[in-house]
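*Asks:* First, the structure itself, so that you have it in front of you.
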Amino acid sequence: MGNPGPGGWAWLEVGAGFDSGGEPSTTNQRMELTAALRGIQAVKGDLTLRSDSQYLVRCFNEGWWRRWRQNSFKNSKNQPVANRDLWEQLLSEVVDSGRKVEFVWVKGHSDDEMNARVDRLAQEAARSFR
């Protein structure tokens, strides 16, 4: 679907639980961030989060969030960081909580079984809004 348009998110913990949902009008980035946030909130303790969103993974691994906070959530072009509400919640859950969350990038639409499973769950959730 278009961007913005109907979208879905999902997370999955190996051998445990999963959740998914969607919104009738949203963006791909917003759904990627929502999936990460919901998964982090649901899984207690330290964890490894695997995502096909380079934006999400690089933000944490390269520390983009530090400059965003220093600059009142303005990016390098001095424009507001998109989805600030979700980023602030993610930073609260990851950085401010002191939890150890390792962010690992996986190539989307590849042979990564877990990524394919959450992608199917997210697509199913998005279909309910089409």
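In the structure tokens, the first chain shown is A, the next is B, and so on; residue numbers restart at 1 for each chain, and ligands run from 1 in the order shown.
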So that each row is one residue of stretch 9-57 of chain A with an atom at most 10 Å from stretch 87-102 of chain A, can you give its shortest atom pair and the distance in Å to one decimal, using only C-alpha atoms, rows by chain and rising number, as a Markdown table?
*Replies:*
| residue | atom | partner | partner_atom | distance |
| --- | --- | --- | --- | --- |
| A:Arg30 | CA | A:Trp87 | CA | 9.7 |
| A:Leu33 | CA | A:Trp87 | CA | 7.6 |
| A:Thr34 | CA | A:Leu90 | CA | 9.0 |
| A:Ala36 | CA | A:Leu90 | CA | 7.9 |
| A:Leu37 | CA | A:Leu90 | CA | 5.7 |
| A:Arg38 | CA | A:Leu90 | CA | 9.3 |
| A:Ile40 | CA | A:Glu93 | CA | 7.2 |
| A:Gln41 | CA | A:Glu93 | CA | 7.1 |
| A:Lys44 | CA | A:Arg99 | CA | 9.1 |
| A:Gly45 | CA | A:Arg99 | CA | 6.6 |
| A:Asp46 | CA | A:Lys100 | CA | 4.8 |
| A:Leu47 | CA | A:Val101 | CA | 5.0 |
| A:Thr48 | CA | A:Glu102 | CA | 4.6 |
| A:Leu49 | CA | A:Glu102 | CA | 6.0 |
| A:Arg50 | CA | A:Glu102 | CA | 8.3 |
| A:Leu56 | CA | A:Trp87 | CA | 9.3 |
| A:Val57 | CA | A:Glu102 | CA | 9.0 |
*Asks:* Go ahead and dump the residues you just picked, N, CA and C atoms, as an mmCIF file, in the first residue's frame.
*Replies:*
data_model
loop_
_atom_site.group_PDB
_atom_site.id
_atom_site.type_symbol
_atom_site.label_atom_id
_atom_site.label_comp_id
_atom_site.auth_asym_id
_atom_site.auth_seq_id
_atom_site.Cartn_x
_atom_site.Cartn_y
_atom_site.Cartn_z
ATOM 1 N N ARG A 30 6.839 4.532 10.963
ATOM 2 C CA ARG A 30 6.060 4.537 12.199
ATOM 3 C C ARG A 30 5.752 3.106 12.643
ATOM 4 N N LEU A 33 8.941 1.464 14.127
ATOM 5 C CA LEU A 33 9.202 1.949 15.482
ATOM 6 C C LEU A 33 8.197 1.388 16.477
ATOM 7 N N THR A 34 6.948 1.287 16.069
ATOM 8 C CA THR A 34 5.915 0.735 16.943
ATOM 9 C C THR A 34 6.211 -0.723 17.267
ATOM 10 N N ALA A 36 9.123 -2.209 17.369
ATOM 11 C CA ALA A 36 10.241 -2.249 18.306
ATOM 12 C C ALA A 36 9.789 -1.855 19.708
ATOM 13 N N LEU A 37 9.042 -0.777 19.804
ATOM 14 C CA LEU A 37 8.574 -0.306 21.110
ATOM 15 C C LEU A 37 7.720 -1.351 21.804
ATOM 16 N N ARG A 38 6.747 -1.903 21.107
ATOM 17 C CA ARG A 38 5.859 -2.898 21.715
ATOM 18 C C ARG A 38 6.630 -4.141 22.143
ATOM 19 N N ILE A 40 9.877 -4.311 22.956
ATOM 20 C CA ILE A 40 10.723 -3.953 24.104
ATOM 21 C C ILE A 40 9.888 -3.849 25.372
ATOM 22 N N GLN A 41 8.697 -3.288 25.259
ATOM 23 C CA GLN A 41 7.826 -3.165 26.432
ATOM 24 C C GLN A 41 7.352 -4.528 26.930
ATOM 25 N N LYS A 44 10.725 -8.529 29.057
ATOM 26 C CA LYS A 44 11.416 -7.949 30.215
ATOM 27 C C LYS A 44 12.890 -8.339 30.211
ATOM 28 N N GLY A 45 13.705 -7.463 30.758
ATOM 29 C CA GLY A 45 15.131 -7.737 30.870
ATOM 30 C C GLY A 45 15.886 -7.350 29.601
ATOM 31 N N ASP A 46 17.149 -7.743 29.582
ATOM 32 C CA ASP A 46 18.003 -7.439 28.445
ATOM 33 C C ASP A 46 17.565 -8.261 27.240
ATOM 34 N N LEU A 47 17.812 -7.724 26.045
ATOM 35 C CA LEU A 47 17.405 -8.460 24.850
ATOM 36 C C LEU A 47 18.179 -8.014 23.628
ATOM 37 N N THR A 48 18.115 -8.843 22.609
ATOM 38 C CA THR A 48 18.642 -8.516 21.292
ATOM 39 C C THR A 48 17.454 -8.293 20.385
ATOM 40 N N LEU A 49 17.381 -7.112 19.806
ATOM 41 C CA LEU A 49 16.293 -6.756 18.907
ATOM 42 C C LEU A 49 16.833 -6.794 17.481
ATOM 43 N N ARG A 50 16.226 -7.634 16.661
ATOM 44 C CA ARG A 50 16.609 -7.761 15.258
ATOM 45 C C ARG A 50 15.558 -7.048 14.426
ATOM 46 N N LEU A 56 16.086 2.541 12.525
ATOM 47 C CA LEU A 56 15.992 2.184 13.937
ATOM 48 C C LEU A 56 17.340 1.709 14.474
ATOM 49 N N VAL A 57 17.939 0.766 13.793
ATOM 50 C CA VAL A 57 19.187 0.154 14.268
ATOM 51 C C VAL A 57 20.310 1.182 14.312
#
*Asks:* Per residue of stretch 11-93 of chain A within 10 Å of stretch 112-117 of chain A, what are the shortest atom pair and its distance in Å to one decimal, counting only C-alpha atoms, with rows by chain and residue number, as CSV?
*Replies:*
residue,atom,partner,partner_atom,distance
A:Trp11,CA,A:Arg117,CA,9.0
A:Leu12,CA,A:Met114,CA,7.6
A:Glu13,CA,A:Met114,CA,9.0
A:Val14,CA,A:Met114,CA,8.3
A:Arg50,CA,A:Asn115,CA,8.0
A:Ser51,CA,A:Asn115,CA,7.4
A:Asp52,CA,A:Asn115,CA,7.5
*Asks:* One number please: atom CA of A:Arg69 to atom CA of A:Thr26, in Å, one decimal.
*Replies:*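 Atom CA of A:Arg69 sits 24.2 Å away from atom CA of A:Thr26.
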*Asks:* Here is a test: counting only C-alpha atoms, which residue of A:Pro80, A:Gly22, A:Gly17, A:Gly108 is nearest to A:Glu124?
*Replies:*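 Using only C-alpha atoms, the shortest distance to A:Glu124 belongs to A:Gly22.
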*Asks:* In Å, how far is it from atom CA of A:Ser72 to atom CA of A:Ala35?
*Replies:*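 Answer for the atom CA of A:Ser72 to atom CA of A:Ala35 separation: 24.2 Å.
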*Asks:* Would you please work out which residue, of A:Lys77, A:Arg84, A:Pro24, A:Ala125, is nearest to A:Trp65 when using only C-alpha atoms?
*Replies:*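 Under the stated criterion, the closest residue is A:Arg84.
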*Asks:* Any chance you could list, as a PyMOL selection string, the residues in chain A that come up helix (DSSP H, G or I) when DSSP is run on the backbone?
*Replies:* chain A and resi 28-42+54-61+64-70+84-96+113-127
*Asks:* Write a file of the just-selected residues containing C-alpha atoms, as a CSV table (one decimal), in the first residue's frame.
*Replies:*
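Writing the result to out-v4.csv gives the following:
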chain,number,residue,atom,x,y,z
A,28,ASN,CA,6.4,2.3,7.2
A,29,GLN,CA,8.8,4.0,9.6
A,30,ARG,CA,6.1,4.5,12.2
A,31,MET,CA,5.2,0.8,12.1
A,32,GLU,CA,8.8,-0.2,12.4
A,33,LEU,CA,9.2,1.9,15.5
A,34,THR,CA,5.9,0.7,16.9
A,35,ALA,CA,7.0,-2.9,16.5
A,36,ALA,CA,10.2,-2.2,18.3
A,37,LEU,CA,8.6,-0.3,21.1
A,38,ARG,CA,5.9,-2.9,21.7
A,39,GLY,CA,8.4,-5.7,21.7
A,40,ILE,CA,10.7,-4.0,24.1
A,41,GLN,CA,7.8,-3.2,26.4
A,42,ALA,CA,6.6,-6.8,26.4
A,54,GLN,CA,18.3,0.6,9.3
A,55,TYR,CA,16.8,3.8,10.6
A,56,LEU,CA,16.0,2.2,13.9
A,57,VAL,CA,19.2,0.2,14.3
A,58,ARG,CA,21.5,3.0,13.2
A,59,CYS,CA,19.8,5.5,15.6
A,60,PHE,CA,20.8,3.4,18.5
A,61,ASN,CA,24.1,1.9,17.3
A,64,TRP,CA,21.8,9.6,16.6
A,65,TRP,CA,19.5,10.0,19.6
A,66,ARG,CA,22.1,11.9,21.6
A,67,ARG,CA,22.2,14.8,19.1
A,68,TRP,CA,18.4,14.7,18.7
A,69,ARG,CA,18.0,15.2,22.4
A,70,GLN,CA,20.6,17.9,22.5
A,84,ARG,CA,9.2,12.0,17.9
A,85,ASP,CA,6.5,10.6,20.2
A,86,LEU,CA,7.7,7.0,19.4
A,87,TRP,CA,11.4,7.9,19.6
A,88,GLU,CA,10.9,9.4,23.1
A,89,GLN,CA,9.1,6.3,24.3
A,90,LEU,CA,11.9,4.1,22.8
A,91,LEU,CA,14.6,6.2,24.4
A,92,SER,CA,12.8,5.9,27.8
A,93,GLU,CA,12.5,2.1,27.5
A,94,VAL,CA,16.1,1.6,26.2
A,95,VAL,CA,18.4,4.4,27.3
A,96,ASP,CA,16.8,5.9,30.4
A,113,GLU,CA,13.0,-16.8,9.1
A,114,MET,CA,12.1,-14.6,12.0
A,115,ASN,CA,12.0,-11.4,9.9
A,116,ALA,CA,9.7,-13.2,7.4
A,117,ARG,CA,7.4,-14.3,10.2
A,118,VAL,CA,6.9,-10.8,11.7
A,119,ASP,CA,6.5,-9.4,8.2
A,120,ARG,CA,3.6,-11.8,7.5
A,121,LEU,CA,2.1,-10.9,10.9
A,122,ALA,CA,2.4,-7.2,10.1
A,123,GLN,CA,0.9,-7.7,6.6
A,124,GLU,CA,-2.1,-9.6,8.1
A,125,ALA,CA,-2.7,-6.8,10.6
A,126,ALA,CA,-2.5,-4.1,7.9
A,127,ARG,CA,-5.0,-6.0,5.7
*Asks:* Separation of atom CA of A:Gly63 and atom CA of A:Ser76, in Å?
*Replies:*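 Computed distance, atom CA of A:Gly63 to atom CA of A:Ser76, equals 12.9 Å.
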*Asks:* Write out as a ChimeraX atom specification the set of residues from stretch 9-130 of chain A that DSSP, computed on the backbone, places in strand (DSSP E or B).
*Replies:* /A:9-12,18-26,47-51,74,80,101-105
